[in-house]
Amino acid sequence: MAAATATPENGGGVATASQAYLESKAVKDTRSLMSELCRHFYTLGWMYGTGGSIAMKVHDDSVPRPHQLVLLSPSGVQKERMEPEDMYVLSADGSTLSSPSPKPYPNKAPKCTDSTAVFLKIFELRNPGAAIHSHGVESCLATMLNPLAKEFRITHMEMIKGIQGHGYYDELVIPIIENTAHEYQLTESLAKAIEAYPRATAVLVRNHGIYSWGDSWISAKTQAECYHYLFDAAIKLHQMGLDWSSPNHGPLQYGKGTLADDGKAGIIGSGLQIKPLPSCILLDIEGTTTPISFVTEVLFPYARDNVGRHLSVTFETVETQDDIKLLRSQVEDDLAKGVLGALPIPPDEEGKEKVIAALVANIEAMIKADRKITALKQLQGHIWRSGFQNQELKGVVFEDVPVALEKWNALGIKVYIYSSGSRLAQRLLFGNTNHGDLRKYLYGFFDTTVGNKKETNSYVEISESLGVDKPSEVLFLTDIYQEAVAAKNAGLQVIVSVRPGNGPLPENHGFKTIHSFIDI
């Protein structure tokens with residue numbers, strides 16, 4: 001085995017390594033693990049024909065991960081015959097420190113994986129512990145279901161829970177990039193996809209395979225297995241004529257998931273005229289799906305009356321400490337701006353009781369002013385969660401809402417929620433309504449972390465994340481005039497909801513209005 005002669009660097013991490021370190025237990029264990037995984041992935045069909053590869057950091061608690069050594073599998077080697085000494089060892093900056101010795105004919109001369117540049121870019125942008133490149137046929141076929149799609153989307157599948165940051169009800173979105181003649185040429189487009197999809201832990205390459213990664217080799221392996229399962233499920237659902245991307249996985253609708261009409265949903269009316277439908281519907285909650293009175297007379301009072309108890313019981317938890325940190329930051333900003341009702345929050349050293357008392361006073365003022373701020377909404381969501389779990393709360397929606405959601409779902413229209421309430425609060429409300437659990441009809445949830453609801457850029461961000469070709473493919477329903485204007489300026493279609501208890505609209509506001517979702 002050839003090795004670079006270099007001196008270990010102390011304090012700032014390992015950029016190069018001594019021969020002794022290259023022969024250390026940590027490096028040897030990583031070599032053995034990678035050869036074992038390559039053999040295993042071969043049996044799964046991910047690394048046939050010498051294809052596919054693995055990159056892994058050498059775990060060392062004394063070295064920050066960005067500076068840890070990187071081990072890479074070789075190119076052109078039968079993965080089922082991989083041995084520990086076949087691995088390449090690179091410094092964090094990509095310099096080769098150790099390479100395998102040549103083997104006799106008919107083995108090819110040693111060569112590091114063609115994905116080296118791609119792996120190093122993944123480590124640079126996401127800092128994972130390990131990354132896997134699979135040529136599994138499922139990952140290849142998943143990109144062919146719609147040759148024009150720039151994303152793979154799937155929802156309401158149990159194995160989505162195995163993907164970092166996702167749950168059963170979430171929509172999993174994986175970017176798809178176009179293939180190139182050589183894998184190193186994928187680096188730039190893959191980097192752009194990673195930056196455009198911050199939640200993603202994988203990128204699909206059309207007609208090629210997938211790159212996925214995780215915080216550790218266990219996380220990377222687990223997620224890779226879940227991705228391949230989900231791709232296989234989507235392919236089989238497609239073969240049965242079922243929609244893998246809808247919550248109920250019902251029959252694929254005409255014009256959905258095909259190239260017949262550029263993927264736009266449509267219904268056939270009289271005279272065989274096709275009436276286009278929106279690709280997505282974005283719903284406000286308060287005054288749109290749900291009576292304002294439920295929010296102002298039930299949810300807000302419950303949060304206000306229980307905030308002190310909640311903070312006292314959960315004060316030491318990581319979740320509540322995060323809530324308090326957000327509230328402190330918000331209050332400091334409010335005090336600097338002279339916001340009415342803002343009061344200083346004492347430091348923790350002055351005692352839990354004083355801190356909670358100050359927090360309660362600020363929260364009560366925020367609720368009274370109906371402020372749409374993340375710090376308040378996040379805490380309210382955690383308080384409401386207890387209320388729903390204890391069956392002290394039940395969500396309320398208008399009678400026409402579940403009927404419309406079912407109809408839109410059958411037509412292949414994806415429905416999302418955008419509310420000033422936290423995503424947690426939104427899921428709780430729709431998961432515990434007077435009409436049962438309605439989350440099966442919903443594709444995702446947006447809150448103020450994407451931006452203020454009265455700002456145009458918020459709707460630009462949402463339309464871009466929904467993967468539509470044009471913002472006009474999204475229909476937004478709200479009861480608030482300023483939100484309607486912001487969404488319209490972003491290019492969305494807009495309808496204003498006129499419900500009992502809603503505030504008045506300006507004269508000559510210029511928007512279409514409805515009194516029920518059935519009117520759409």
# chains A, B, ... in the order shown; residues from 1 in each chain; ligands from 1

call {"tool": "residues_around", "arguments": {"residues": "Leu282 (chain A)", "least_positions_apart": "4", "cutoff": "9 Å", "atoms": "only C-alpha atoms", "output": "count of residues only"}}
result
10

call {"tool": "select_by_dssp", "arguments": {"residues": "region 350-416 of chain A", "states": "strand (DSSP E or B)", "output": "PyMOL selection string"}}
result
chain A and resi 395+414-416

call {"tool": "write_last_selection", "arguments": {"atoms": "C-alpha atoms", "output": "compact mmCIF listing (two decimals), in the first residue's frame"}}
result
# COMPACT_ATOMS: atom_id res chain seq x y z
CA GLY A 395 -60.08 21.29 15.90
CA LYS A 414 -52.16 18.94 -4.12
CA VAL A 415 -53.38 20.90 -1.10
CA TYR A 416 -51.06 22.72 1.31

call {"tool": "atom_distance", "arguments": {"atom1": "CA of Lys368 (chain A)", "atom2": "CA of Asp284 (chain A)"}}
result
20.8 Å

call {"tool": "atom_distance", "arguments": {"atom1": "CA of Tyr229 (chain A)", "atom2": "CA of Glu138 (chain A)"}}
result
8.2 Å

call {"tool": "select_by_dssp", "arguments": {"residues": "region 126-328 of chain A", "states": "alpha helix (DSSP H)", "output": "ChimeraX atom specification"}}
result
/A:126,137-141,187-196,217-239,292-294,300-314,318-328

call {"tool": "residues_around", "arguments": {"residues": "Lys28 (chain A)", "least_positions_apart": "6", "cutoff": "10 Å", "atoms": "only C-alpha atoms", "output": "ChimeraX atom specification"}}
result
/A:21-22,34,58,84-85

call {"tool": "write_last_selection", "arguments": {"atoms": "all heavy atoms", "output": "mmCIF file, in the first residue's frame"}}
result
data_model
loop_
_atom_site.group_PDB
_atom_site.id
_atom_site.type_symbol
_atom_site.label_atom_id
_atom_site.label_comp_id
_atom_site.auth_asym_id
_atom_site.auth_seq_id
_atom_site.Cartn_x
_atom_site.Cartn_y
_atom_site.Cartn_z
ATOM 1 N N TYR A 21 -0.664 7.143 11.906
ATOM 2 C CA TYR A 21 -2.106 7.418 11.964
ATOM 3 C C TYR A 21 -2.838 6.674 10.861
ATOM 4 O O TYR A 21 -3.950 6.169 11.063
ATOM 5 C CB TYR A 21 -2.369 8.922 11.841
ATOM 6 C CG TYR A 21 -3.803 9.283 12.139
ATOM 7 C CD1 TYR A 21 -4.247 9.388 13.454
ATOM 8 C CD2 TYR A 21 -4.711 9.494 11.115
ATOM 9 C CE1 TYR A 21 -5.571 9.701 13.734
ATOM 10 C CE2 TYR A 21 -6.042 9.813 11.391
ATOM 11 C CZ TYR A 21 -6.461 9.917 12.706
ATOM 12 O OH TYR A 21 -7.767 10.212 12.982
ATOM 13 N N LEU A 22 -2.216 6.581 9.675
ATOM 14 C CA LEU A 22 -2.849 5.851 8.579
ATOM 15 C C LEU A 22 -3.010 4.375 8.906
ATOM 16 O O LEU A 22 -3.880 3.697 8.339
ATOM 17 C CB LEU A 22 -2.042 6.017 7.294
ATOM 18 C CG LEU A 22 -1.985 7.422 6.694
ATOM 19 C CD1 LEU A 22 -1.085 7.430 5.469
ATOM 20 C CD2 LEU A 22 -3.376 7.906 6.331
ATOM 21 N N MET A 34 -16.077 -0.275 5.315
ATOM 22 C CA MET A 34 -16.442 0.100 3.953
ATOM 23 C C MET A 34 -16.419 -1.101 3.011
ATOM 24 O O MET A 34 -17.299 -1.239 2.155
ATOM 25 C CB MET A 34 -15.507 1.201 3.444
ATOM 26 C CG MET A 34 -15.778 2.551 4.091
ATOM 27 S SD MET A 34 -14.679 3.843 3.497
ATOM 28 C CE MET A 34 -15.070 3.889 1.755
ATOM 29 N N VAL A 58 -13.270 9.229 8.753
ATOM 30 C CA VAL A 58 -12.677 8.434 9.837
ATOM 31 C C VAL A 58 -13.064 9.088 11.145
ATOM 32 O O VAL A 58 -12.588 10.185 11.469
ATOM 33 C CB VAL A 58 -11.150 8.353 9.707
ATOM 34 C CG1 VAL A 58 -10.559 7.587 10.898
ATOM 35 C CG2 VAL A 58 -10.761 7.679 8.397
ATOM 36 N N PRO A 84 -10.362 -4.429 2.574
ATOM 37 C CA PRO A 84 -10.031 -3.178 3.285
ATOM 38 C C PRO A 84 -8.884 -2.402 2.641
ATOM 39 O O PRO A 84 -8.906 -1.169 2.595
ATOM 40 C CB PRO A 84 -9.661 -3.655 4.691
ATOM 41 C CG PRO A 84 -10.432 -4.923 4.871
ATOM 42 C CD PRO A 84 -10.440 -5.576 3.510
ATOM 43 N N GLU A 85 -7.869 -3.140 2.121
ATOM 44 C CA GLU A 85 -6.707 -2.445 1.558
ATOM 45 C C GLU A 85 -6.993 -1.813 0.197
ATOM 46 O O GLU A 85 -6.135 -1.114 -0.375
ATOM 47 C CB GLU A 85 -5.519 -3.408 1.421
ATOM 48 C CG GLU A 85 -5.791 -4.626 0.576
ATOM 49 C CD GLU A 85 -6.276 -5.815 1.409
ATOM 50 O OE1 GLU A 85 -6.775 -5.594 2.529
ATOM 51 O OE2 GLU A 85 -6.144 -6.949 0.915
#

call {"tool": "residues_around", "arguments": {"residues": "Ala369 (chain A)", "least_positions_apart": "6", "cutoff": "12 Å", "atoms": "only C-alpha atoms", "output": "PyMOL selection string"}}
result
chain A and resi 296+300+339-342+362-363+376

call {"tool": "write_last_selection", "arguments": {"atoms": "all heavy atoms", "output": "CSV table (one decimal), in the first residue's frame"}}
result
chain,number,residue,atom,x,y,z
A,296,THR,N,-59.9,32.6,18.2
A,296,THR,CA,-59.9,33.7,19.2
A,296,THR,C,-60.5,33.4,20.5
A,296,THR,O,-60.2,33.9,21.6
A,296,THR,CB,-60.6,35.0,18.6
A,296,THR,OG1,-61.9,34.7,18.3
A,296,THR,CG2,-59.8,35.5,17.4
A,300,PHE,N,-56.6,30.6,21.4
A,300,PHE,CA,-55.8,31.7,22.1
A,300,PHE,C,-56.0,31.7,23.6
A,300,PHE,O,-55.0,31.7,24.4
A,300,PHE,CB,-56.2,33.1,21.5
A,300,PHE,CG,-55.5,33.3,20.2
A,300,PHE,CD1,-55.8,34.5,19.5
A,300,PHE,CD2,-54.7,32.4,19.5
A,300,PHE,CE1,-55.2,34.8,18.2
A,300,PHE,CE2,-54.1,32.6,18.3
A,300,PHE,CZ,-54.4,33.8,17.6
A,339,VAL,N,-42.1,48.4,21.4
A,339,VAL,CA,-43.3,47.7,21.2
A,339,VAL,C,-44.1,47.7,22.6
A,339,VAL,O,-43.6,47.4,23.6
A,339,VAL,CB,-43.1,46.3,20.8
A,339,VAL,CG1,-44.5,45.5,20.7
A,339,VAL,CG2,-42.5,46.3,19.4
A,340,LEU,N,-45.4,48.1,22.5
A,340,LEU,CA,-46.3,48.2,23.6
A,340,LEU,C,-46.4,46.8,24.3
A,340,LEU,O,-46.7,45.8,23.6
A,340,LEU,CB,-47.6,48.8,23.2
A,340,LEU,CG,-48.6,49.0,24.4
A,340,LEU,CD1,-48.1,50.2,25.3
A,340,LEU,CD2,-50.0,49.4,23.8
A,341,GLY,N,-46.3,46.7,25.6
A,341,GLY,CA,-46.5,45.5,26.3
A,341,GLY,C,-45.2,44.7,26.5
A,341,GLY,O,-45.2,43.7,27.3
A,342,ALA,N,-44.1,45.1,25.9
A,342,ALA,CA,-42.9,44.3,26.0
A,342,ALA,C,-42.2,44.6,27.4
A,342,ALA,O,-42.1,45.8,27.7
A,342,ALA,CB,-41.9,44.7,24.9
A,362,ASN,N,-45.2,38.9,28.8
A,362,ASN,CA,-44.9,39.2,27.4
A,362,ASN,C,-45.8,38.4,26.5
A,362,ASN,O,-46.4,38.9,25.5
A,362,ASN,CB,-43.5,38.9,27.1
A,362,ASN,CG,-42.5,40.0,27.6
A,362,ASN,OD1,-42.5,41.1,26.9
A,362,ASN,ND2,-41.9,39.8,28.7
A,363,ILE,N,-46.0,37.1,26.8
A,363,ILE,CA,-46.9,36.3,25.9
A,363,ILE,C,-48.3,36.8,25.9
A,363,ILE,O,-49.0,36.8,24.9
A,363,ILE,CB,-46.8,34.8,26.4
A,363,ILE,CG1,-45.3,34.3,26.1
A,363,ILE,CG2,-47.8,33.9,25.7
A,363,ILE,CD1,-45.0,33.0,26.9
A,376,LEU,N,-43.9,33.3,19.4
A,376,LEU,CA,-45.1,33.1,20.0
A,376,LEU,C,-45.8,31.9,19.4
A,376,LEU,O,-46.3,31.0,20.2
A,376,LEU,CB,-46.1,34.3,19.8
A,376,LEU,CG,-47.5,34.1,20.3
A,376,LEU,CD1,-47.6,33.8,21.8
A,376,LEU,CD2,-48.3,35.3,19.9

call {"tool": "residues_around", "arguments": {"residues": "His156 (chain A)", "least_positions_apart": "2", "cutoff": "7 Å", "atoms": "only C-alpha atoms", "output": "VMD selection string"}}
result
chain A and resid 158 168 to 170 247

call {"tool": "write_last_selection", "arguments": {"atoms": "all heavy atoms", "output": "CSV table (one decimal), in the first residue's frame"}}
result
chain,number,residue,atom,x,y,z
A,158,GLU,N,-44.9,4.7,5.3
A,158,GLU,CA,-44.3,4.5,6.6
A,158,GLU,C,-42.8,4.7,6.5
A,158,GLU,O,-42.2,5.3,7.4
A,158,GLU,CB,-44.6,3.1,7.1
A,158,GLU,CG,-44.0,2.7,8.4
A,158,GLU,CD,-44.5,3.5,9.6
A,158,GLU,OE1,-45.6,4.2,9.4
A,158,GLU,OE2,-43.9,3.5,10.7
A,168,TYR,N,-44.4,10.6,8.7
A,168,TYR,CA,-45.4,9.9,7.8
A,168,TYR,C,-46.2,10.8,7.0
A,168,TYR,O,-46.4,10.6,5.8
A,168,TYR,CB,-46.3,9.0,8.7
A,168,TYR,CG,-47.4,8.3,7.9
A,168,TYR,CD1,-47.2,7.2,7.1
A,168,TYR,CD2,-48.7,8.9,8.0
A,168,TYR,CE1,-48.2,6.6,6.5
A,168,TYR,CE2,-49.8,8.3,7.3
A,168,TYR,CZ,-49.5,7.2,6.5
A,168,TYR,OH,-50.6,6.6,5.9
A,169,TYR,N,-46.6,11.9,7.6
A,169,TYR,CA,-47.5,12.8,6.9
A,169,TYR,C,-46.8,13.8,6.0
A,169,TYR,O,-47.4,14.6,5.2
A,169,TYR,CB,-48.4,13.6,7.9
A,169,TYR,CG,-49.4,12.7,8.7
A,169,TYR,CD1,-49.1,12.4,10.0
A,169,TYR,CD2,-50.5,12.2,8.1
A,169,TYR,CE1,-50.0,11.6,10.7
A,169,TYR,CE2,-51.4,11.4,8.8
A,169,TYR,CZ,-51.1,11.1,10.1
A,169,TYR,OH,-52.0,10.3,10.8
A,170,ASP,N,-45.5,13.9,6.1
A,170,ASP,CA,-44.7,14.8,5.3
A,170,ASP,C,-44.6,14.4,3.8
A,170,ASP,O,-44.7,13.2,3.5
A,170,ASP,CB,-43.3,15.0,5.9
A,170,ASP,CG,-43.3,15.8,7.2
A,170,ASP,OD1,-44.2,16.6,7.3
A,170,ASP,OD2,-42.5,15.5,8.0
A,247,PRO,N,-51.8,11.6,-0.9
A,247,PRO,CA,-52.0,11.0,0.4
A,247,PRO,C,-52.7,9.6,0.4
A,247,PRO,O,-52.4,8.7,1.2
A,247,PRO,CB,-52.7,12.0,1.2
A,247,PRO,CG,-52.4,13.3,0.6
A,247,PRO,CD,-52.3,13.0,-0.9

call {"tool": "residues_around", "arguments": {"residues": "region 197-212 of chain A", "least_positions_apart": "2", "cutoff": "8 Å", "atoms": "only C-alpha atoms", "output": "PyMOL selection string"}}
result
chain A and resi 131-137+139-141+143-144+163-165+173-179+190+193-195+214+220+223-224

call {"tool": "write_last_selection", "arguments": {"atoms": "C-alpha atoms", "output": "short mmCIF file (atom, residue, chain, number, x, y, z; two decimals), in the first residue's frame"}}
result
data_model
loop_
_atom_site.label_atom_id
_atom_site.label_comp_id
_atom_site.auth_asym_id
_atom_site.auth_seq_id
_atom_site.Cartn_x
_atom_site.Cartn_y
_atom_site.Cartn_z
CA ALA A 131 -22.20 9.24 1.73
CA ILE A 132 -23.36 6.47 -0.59
CA HIS A 133 -23.66 6.41 -4.40
CA SER A 134 -26.03 3.70 -5.60
CA HIS A 135 -26.80 2.45 -9.10
CA GLY A 136 -29.82 0.53 -7.80
CA VAL A 137 -32.35 0.06 -10.59
CA SER A 139 -33.27 4.82 -8.09
CA CYS A 140 -32.74 4.88 -11.83
CA LEU A 141 -36.35 4.06 -12.79
CA THR A 143 -36.28 9.36 -12.37
CA MET A 144 -38.01 8.00 -15.51
CA ILE A 163 -35.51 9.91 6.24
CA GLN A 164 -33.93 12.57 8.44
CA GLY A 165 -36.35 15.36 9.37
CA VAL A 173 -39.06 15.80 -2.05
CA ILE A 174 -35.82 14.71 -3.74
CA PRO A 175 -34.26 16.90 -6.46
CA ILE A 176 -33.43 15.28 -9.80
CA ILE A 177 -30.45 16.45 -11.84
CA GLU A 178 -29.56 15.45 -15.38
CA ASN A 179 -26.88 12.85 -16.04
CA LEU A 190 -25.48 18.54 -7.57
CA ALA A 193 -29.53 21.05 -5.94
CA ILE A 194 -28.18 20.66 -2.41
CA GLU A 195 -28.31 24.41 -1.85
CA GLY A 214 -26.17 10.85 6.69
CA ALA A 220 -26.49 7.01 5.62
CA GLN A 223 -31.70 6.40 4.68
CA ALA A 224 -30.34 4.75 1.51
#

call {"tool": "atom_distance", "arguments": {"atom1": "CA of Phe315 (chain A)", "atom2": "CA of Val450 (chain A)"}}
result
27.4 Å

call {"tool": "residues_around", "arguments": {"residues": "region 100-112 of chain A", "least_positions_apart": "5", "cutoff": "8 Å", "atoms": "only C-alpha atoms", "output": "JSON list (two decimals) with all heavy atoms, in the first residue's frame"}}
result
[["chain", "number", "residue", "atom", "x", "y", "z"],
["A", 1, "MET", "N", 0.85, -1.20, 0.00],
["A", 1, "MET", "CA", 0.00, 0.00, 0.00],
["A", 1, "MET", "C", 0.88, 1.24, 0.00],
["A", 1, "MET", "O", 1.76, 1.38, 0.84],
["A", 1, "MET", "CB", -0.88, 0.00, 1.26],
["A", 1, "MET", "CG", -1.81, 1.19, 1.37],
["A", 1, "MET", "SD", -2.65, 1.16, 2.97],
["A", 1, "MET", "CE", -3.44, -0.45, 2.89],
["A", 2, "ALA", "N", 0.64, 2.14, -0.93],
["A", 2, "ALA", "CA", 1.41, 3.37, -1.01],
["A", 2, "ALA", "C", 0.82, 4.40, -0.07],
["A", 2, "ALA", "O", -0.39, 4.53, 0.03],
["A", 2, "ALA", "CB", 1.41, 3.90, -2.43],
["A", 72, "LEU", "N", -12.38, 6.58, 0.53],
["A", 72, "LEU", "CA", -13.19, 6.42, -0.68],
["A", 72, "LEU", "C", -12.96, 5.04, -1.27],
["A", 72, "LEU", "O", -11.84, 4.51, -1.27],
["A", 72, "LEU", "CB", -12.81, 7.47, -1.71],
["A", 72, "LEU", "CG", -13.14, 8.93, -1.38],
["A", 72, "LEU", "CD1", -12.44, 9.87, -2.34],
["A", 72, "LEU", "CD2", -14.64, 9.16, -1.44],
["A", 73, "SER", "N", -14.03, 4.45, -1.78],
["A", 73, "SER", "CA", -13.90, 3.17, -2.47],
["A", 73, "SER", "C", -13.31, 3.39, -3.86],
["A", 73, "SER", "O", -13.44, 4.48, -4.43],
["A", 73, "SER", "CB", -15.26, 2.48, -2.57],
["A", 73, "SER", "OG", -16.18, 3.29, -3.28],
["A", 74, "PRO", "N", -12.67, 2.38, -4.44],
["A", 74, "PRO", "CA", -12.03, 2.54, -5.74],
["A", 74, "PRO", "C", -13.02, 2.36, -6.89],
["A", 74, "PRO", "O", -14.14, 1.89, -6.71],
["A", 74, "PRO", "CB", -10.99, 1.41, -5.75],
["A", 74, "PRO", "CG", -11.63, 0.35, -4.90],
["A", 74, "PRO", "CD", -12.39, 1.07, -3.83],
["A", 75, "SER", "N", -12.58, 2.74, -8.07],
["A", 75, "SER", "CA", -13.36, 2.55, -9.29],
["A", 75, "SER", "C", -12.86, 1.31, -10.01],
["A", 75, "SER", "O", -11.68, 0.96, -9.93],
["A", 75, "SER", "CB", -13.23, 3.78, -10.19],
["A", 75, "SER", "OG", -13.89, 3.59, -11.42],
["A", 76, "GLY", "N", -13.77, 0.63, -10.71],
["A", 76, "GLY", "CA", -13.37, -0.50, -11.54],
["A", 76, "GLY", "C", -13.06, -1.76, -10.77],
["A", 76, "GLY", "O", -12.44, -2.68, -11.33],
["A", 77, "VAL", "N", -13.47, -1.84, -9.52],
["A", 77, "VAL", "CA", -13.21, -3.03, -8.70],
["A", 77, "VAL", "C", -14.52, -3.73, -8.42],
["A", 77, "VAL", "O", -15.53, -3.09, -8.11],
["A", 77, "VAL", "CB", -12.52, -2.64, -7.37],
["A", 77, "VAL", "CG1", -12.35, -3.86, -6.48],
["A", 77, "VAL", "CG2", -11.16, -2.00, -7.65],
["A", 85, "GLU", "N", -7.87, -3.14, 2.12],
["A", 85, "GLU", "CA", -6.71, -2.44, 1.56],
["A", 85, "GLU", "C", -6.99, -1.81, 0.20],
["A", 85, "GLU", "O", -6.14, -1.11, -0.38],
["A", 85, "GLU", "CB", -5.52, -3.41, 1.42],
["A", 85, "GLU", "CG", -5.79, -4.63, 0.58],
["A", 85, "GLU", "CD", -6.28, -5.81, 1.41],
["A", 85, "GLU", "OE1", -6.78, -5.59, 2.53],
["A", 85, "GLU", "OE2", -6.14, -6.95, 0.91],
["A", 86, "ASP", "N", -8.21, -2.01, -0.34],
["A", 86, "ASP", "CA", -8.57, -1.41, -1.63],
["A", 86, "ASP", "C", -8.97, 0.05, -1.51],
["A", 86, "ASP", "O", -9.14, 0.73, -2.53],
["A", 86, "ASP", "CB", -9.73, -2.18, -2.28],
["A", 86, "ASP", "CG", -9.33, -3.59, -2.71],
["A", 86, "ASP", "OD1", -8.16, -3.77, -3.09],
["A", 86, "ASP", "OD2", -10.20, -4.48, -2.67],
["A", 87, "MET", "N", -9.14, 0.53, -0.29],
["A", 87, "MET", "CA", -9.66, 1.89, -0.10],
["A", 87, "MET", "C", -8.58, 2.96, -0.27],
["A", 87, "MET", "O", -7.41, 2.74, 0.03],
["A", 87, "MET", "CB", -10.28, 2.03, 1.30],
["A", 87, "MET", "CG", -11.34, 1.00, 1.60],
["A", 87, "MET", "SD", -12.68, 1.00, 0.40],
["A", 87, "MET", "CE", -13.38, -0.61, 0.71],
["A", 88, "TYR", "N", -9.02, 4.13, -0.73],
["A", 88, "TYR", "CA", -8.17, 5.31, -0.80],
["A", 88, "TYR", "C", -8.39, 6.14, 0.46],
["A", 88, "TYR", "O", -9.51, 6.23, 0.99],
["A", 88, "TYR", "CB", -8.52, 6.16, -2.02],
["A", 88, "TYR", "CG", -7.96, 5.63, -3.32],
["A", 88, "TYR", "CD1", -8.56, 4.56, -3.97],
["A", 88, "TYR", "CD2", -6.83, 6.20, -3.89],
["A", 88, "TYR", "CE1", -8.06, 4.07, -5.16],
["A", 88, "TYR", "CE2", -6.31, 5.73, -5.09],
["A", 88, "TYR", "CZ", -6.92, 4.65, -5.71],
["A", 88, "TYR", "OH", -6.42, 4.17, -6.89]]

call {"tool": "closest_residue", "arguments": {"among": "A:Gln391, A:Asn127, A:Gln19, A:Ser516", "to": "Ala404 (chain A)", "atoms": "only C-alpha atoms"}}
result
A:Ser516

call {"tool": "closest_residue", "arguments": {"among": "A:Val396, A:Ala487, A:Ala92, A:Val494", "to": "Ile285 (chain A)", "atoms": "only C-alpha atoms"}}
result
A:Val396

call {"tool": "closest_residue", "arguments": {"among": "A:Ser279, A:Thr289, A:Gln330, A:Ser219", "to": "His515 (chain A)", "atoms": "only C-alpha atoms"}}
result
A:Thr289
